[in-house]
Amino acid sequence: MTSPPITAESVLFHGIPHAASVSELARCLHEHDVEHFVLRRAPMVTTVLRSTALREVTTAMDRLLQMDLGRLCVEGWRRYDRLRGAAMRTRSGGSEQVELLEHEVTQTYSPHLEVTVDGTRVGELDLELRVALLLRPLTATVRGGLLVALGPGDCTATASVAAAEIGDIMRREHKLPVATLVDLRRPIPLVRREDDPPTVRMNRANPAPNRRPAGAAVTPES
């Protein structure tokens, strides 16, 4: 049976069912009066409109929290010089053990949310989700340009939600083994092979208005 991926939701609401986590998220947003800030420019605010705004923000934030932290970790490792070097050297055969020092992989999403009723915009809010993975020293095995195994090691995952004009809304962390974060039942490519199709890059100069992801970044080892 396939284990579900570790997500930002798993960090913020560890060990509780999805429906309960959505309710907890809505409660936390309400405690910070998010619906008031969303509708601060609306000409008239009713109880129904407040409820609708809170529900829409909660739904949008819940979708964002489904980001797979294992994939984020791998994207960061593809920028890690030691792993990239080992992958390049072993592409035509052989394997290497790579000692990974303590390092951090981070990603930030900054969606701009708009709430509409019957096609009319009644409110907006700029949110921010930041995820940081602090990985303790561990050993990685690279074979044929692929990540094939990881030694014992821990990761501290931190997720935080904030909003413009409100500040921090929630921030939590969860410690877990790296082996549960990254699925290695299939080897993971660390570099693009010569016969792979070309990578398609999105033009980030004009991001979609509801999602502006920043690329995964790795803090170099000291």
# chains A, B, ... in the order shown; residues from 1 in each chain; ligands from 1
$ residues_around --residues "range 141-153 of chain A" --least-positions-apart "2" --cutoff "8 Å" --atoms "only C-alpha atoms" --output "PyMOL selection string"
chain A and resi 83+86-98+135-139+155+177-179+184+186-191
$ closest_atom_pairs --of "range 38-72 of chain A" --to "range 121-124 of chain A" --cutoff "10 Å" --atoms "only C-alpha atoms" --output "Markdown table"
| residue | atom | partner | partner_atom | distance |
| --- | --- | --- | --- | --- |
| A:Val38 | CA | A:Gly123 | CA | 4.9 |
| A:Leu39 | CA | A:Gly123 | CA | 4.7 |
| A:Arg40 | CA | A:Gly123 | CA | 7.2 |
| A:Arg41 | CA | A:Gly123 | CA | 6.7 |
| A:Ala42 | CA | A:Val122 | CA | 5.5 |
| A:Pro43 | CA | A:Val122 | CA | 8.4 |
| A:Met44 | CA | A:Val122 | CA | 9.3 |
| A:Val45 | CA | A:Val122 | CA | 9.3 |
| A:Leu49 | CA | A:Val122 | CA | 9.0 |
| A:Ala53 | CA | A:Gly123 | CA | 7.9 |
| A:Val57 | CA | A:Glu124 | CA | 9.5 |
$ write_last_selection --atoms "C-alpha atoms" --output "PDB file, in the first residue's frame"
ATOM      1  CA  VAL A  38     -10.545  40.409   2.556  1.00  0.00           C
ATOM      2  CA  LEU A  39     -13.706  42.557   2.537  1.00  0.00           C
ATOM      3  CA  ARG A  40     -12.206  45.791   3.862  1.00  0.00           C
ATOM      4  CA  ARG A  41     -13.049  47.643   0.612  1.00  0.00           C
ATOM      5  CA  ALA A  42     -16.474  46.099   0.055  1.00  0.00           C
ATOM      6  CA  PRO A  43     -19.287  48.713   0.094  1.00  0.00           C
ATOM      7  CA  MET A  44     -21.518  46.541   2.269  1.00  0.00           C
ATOM      8  CA  VAL A  45     -20.591  43.468   4.326  1.00  0.00           C
ATOM      9  CA  LEU A  49     -20.620  37.557   2.686  1.00  0.00           C
ATOM     10  CA  ALA A  53     -15.084  35.041   2.084  1.00  0.00           C
ATOM     11  CA  VAL A  57      -9.845  31.755   1.542  1.00  0.00           C
TER      12      VAL A  57
END
$ closest_atom_pairs --of "range 49-103 of chain A" --to "range 159-162 of chain A" --cutoff "12 Å" --atoms "only C-alpha atoms" --output "CSV"
residue,atom,partner,partner_atom,distance
A:Thr58,CA,A:Val161,CA,11.8
A:Met61,CA,A:Val161,CA,9.0
A:Asp62,CA,A:Val161,CA,11.2
A:Leu64,CA,A:Val161,CA,10.5
A:Leu65,CA,A:Ala159,CA,9.2
A:Gln66,CA,A:Ala159,CA,11.8
A:Met67,CA,A:Ala159,CA,11.1
A:Leu69,CA,A:Ala159,CA,10.4
$ atom_distance --atom1 "CA of Leu113 in chain A" --atom2 "CA of Ala163 in chain A"
10.7 Å
$ residues_around --residues "Thr180 in chain A" --least-positions-apart "5" --cutoff "9 Å" --atoms "only C-alpha atoms" --output "list in words"
Ser3, Pro5, Ile6 and Gly70 of chain A
$ closest_residue --among "A:Asp183, A:Glu35, A:Glu173, A:Glu99" --to "His14 in chain A" --atoms "only C-alpha atoms"
A:Glu173
$ atom_distance --atom1 "CA of Ala157 in chain A" --atom2 "CA of Glu31 in chain A"
24.4 Å
$ atom_distance --atom1 "CA of Glu104 in chain A" --atom2 "CA of Phe13 in chain A"
21.5 Å
$ closest_residue --among "A:Arg185, A:Leu134, A:Ala164, A:Glu9" --to "Gly76 in chain A" --atoms "only C-alpha atoms"
A:Leu134
$ closest_residue --among "A:Leu29, A:Val74, A:Ala8, A:Leu133" --to "Asp168 in chain A" --atoms "only C-alpha atoms"
A:Leu29
$ closest_residue --among "A:Arg55, A:Arg130, A:His103, A:Arg78" --to "Leu25 in chain A" --atoms "only C-alpha atoms"
A:Arg55
$ closest_residue --among "A:Thr52, A:Thr116, A:Ser21, A:Thr59" --to "His36 in chain A" --atoms "only C-alpha atoms"
A:Thr52
$ select_by_dssp --residues "chain A" --states "alpha helix (DSSP H)" --output "JSON, numbers by chain"
{"A": [8, 9, 10, 11, 12, 18, 19, 20, 21, 22, 23, 24, 25, 26, 27, 28, 29, 30, 31, 34, 35, 36, 37, 38, 47, 48, 49, 50, 51, 52, 53, 54, 55, 56, 57, 58, 59, 60, 61, 62, 63, 64, 69, 70, 71, 72, 73, 74, 75, 76, 77, 81, 82, 83, 84, 85, 86, 87, 88, 89, 178, 179, 180, 181]}
$ select_by_dssp --residues "range 3-180 of chain A" --states "strand (DSSP E or B)" --output "CSV table (one decimal) with C-alpha atoms, in the first residue's frame"
chain,number,residue,atom,x,y,z
A,7,THR,CA,2.5,17.7,2.6
A,68,ASP,CA,4.4,17.5,-1.7
A,95,SER,CA,28.0,4.6,-8.0
A,96,GLU,CA,29.1,7.0,-5.3
A,97,GLN,CA,28.4,7.6,-1.7
A,98,VAL,CA,27.8,11.3,-1.1
A,99,GLU,CA,28.0,12.8,2.4
A,100,LEU,CA,25.4,15.5,2.7
A,103,HIS,CA,21.4,22.0,4.7
A,104,GLU,CA,18.0,23.7,4.2
A,105,VAL,CA,15.6,23.6,1.3
A,106,THR,CA,13.0,26.4,1.2
A,107,GLN,CA,10.1,27.4,-1.0
A,108,THR,CA,7.7,30.3,-0.8
A,109,TYR,CA,4.3,30.7,-2.4
A,112,HIS,CA,-3.1,36.9,-4.6
A,113,LEU,CA,-6.7,35.8,-3.8
A,114,GLU,CA,-9.8,37.5,-5.1
A,115,VAL,CA,-13.3,36.8,-3.8
A,116,THR,CA,-16.1,37.3,-6.3
A,117,VAL,CA,-19.9,37.1,-5.9
A,120,THR,CA,-18.3,40.9,-9.1
A,121,ARG,CA,-15.0,41.2,-7.1
A,122,VAL,CA,-15.8,42.0,-3.5
A,123,GLY,CA,-12.5,41.4,-1.8
A,124,GLU,CA,-8.9,40.4,-2.1
A,125,LEU,CA,-6.0,39.3,0.0
A,126,ASP,CA,-2.3,38.5,-0.5
A,127,LEU,CA,-1.2,35.4,1.3
A,128,GLU,CA,2.2,33.7,1.8
A,129,LEU,CA,3.0,30.1,2.5
A,130,ARG,CA,6.6,29.3,3.3
A,131,VAL,CA,8.0,25.8,3.8
A,132,ALA,CA,11.5,25.1,5.1
A,133,LEU,CA,13.1,21.6,5.3
A,134,LEU,CA,16.2,21.5,7.6
A,135,LEU,CA,18.0,18.3,6.8
A,138,LEU,CA,23.1,12.0,6.0
A,139,THR,CA,24.6,9.8,3.3
A,140,ALA,CA,23.1,9.5,-0.2
A,141,THR,CA,23.8,6.8,-2.8
A,142,VAL,CA,23.9,7.9,-6.4
A,143,ARG,CA,24.1,5.2,-9.2
A,146,LEU,CA,20.1,8.5,-10.1
A,147,LEU,CA,19.5,8.9,-6.4
A,148,VAL,CA,18.9,5.3,-5.2
A,149,ALA,CA,19.3,5.2,-1.4
A,150,LEU,CA,19.5,7.4,1.7
A,154,ASP,CA,16.2,13.4,10.2
A,155,CYS,CA,14.5,16.4,8.8
A,156,THR,CA,12.7,19.3,10.6
A,157,ALA,CA,9.9,20.6,8.3
A,158,THR,CA,8.5,24.0,9.1
A,159,ALA,CA,5.4,25.6,7.5
A,160,SER,CA,4.1,29.1,8.1
A,161,VAL,CA,1.2,31.0,6.8
A,162,ALA,CA,1.0,34.8,6.7
A,163,ALA,CA,-1.0,37.6,5.0
A,167,GLY,CA,1.3,39.3,9.6
A,168,ASP,CA,1.9,35.7,10.8
A,169,ILE,CA,-1.2,33.6,11.0
A,170,MET,CA,0.3,30.2,12.0
A,171,ARG,CA,3.7,28.5,12.1
A,172,ARG,CA,4.4,24.9,13.1
A,173,GLU,CA,7.1,22.4,12.7
A,174,HIS,CA,7.4,18.6,12.6
A,175,LYS,CA,10.4,16.4,12.9
A,176,LEU,CA,10.5,13.2,10.7
A,177,PRO,CA,13.0,10.7,9.2
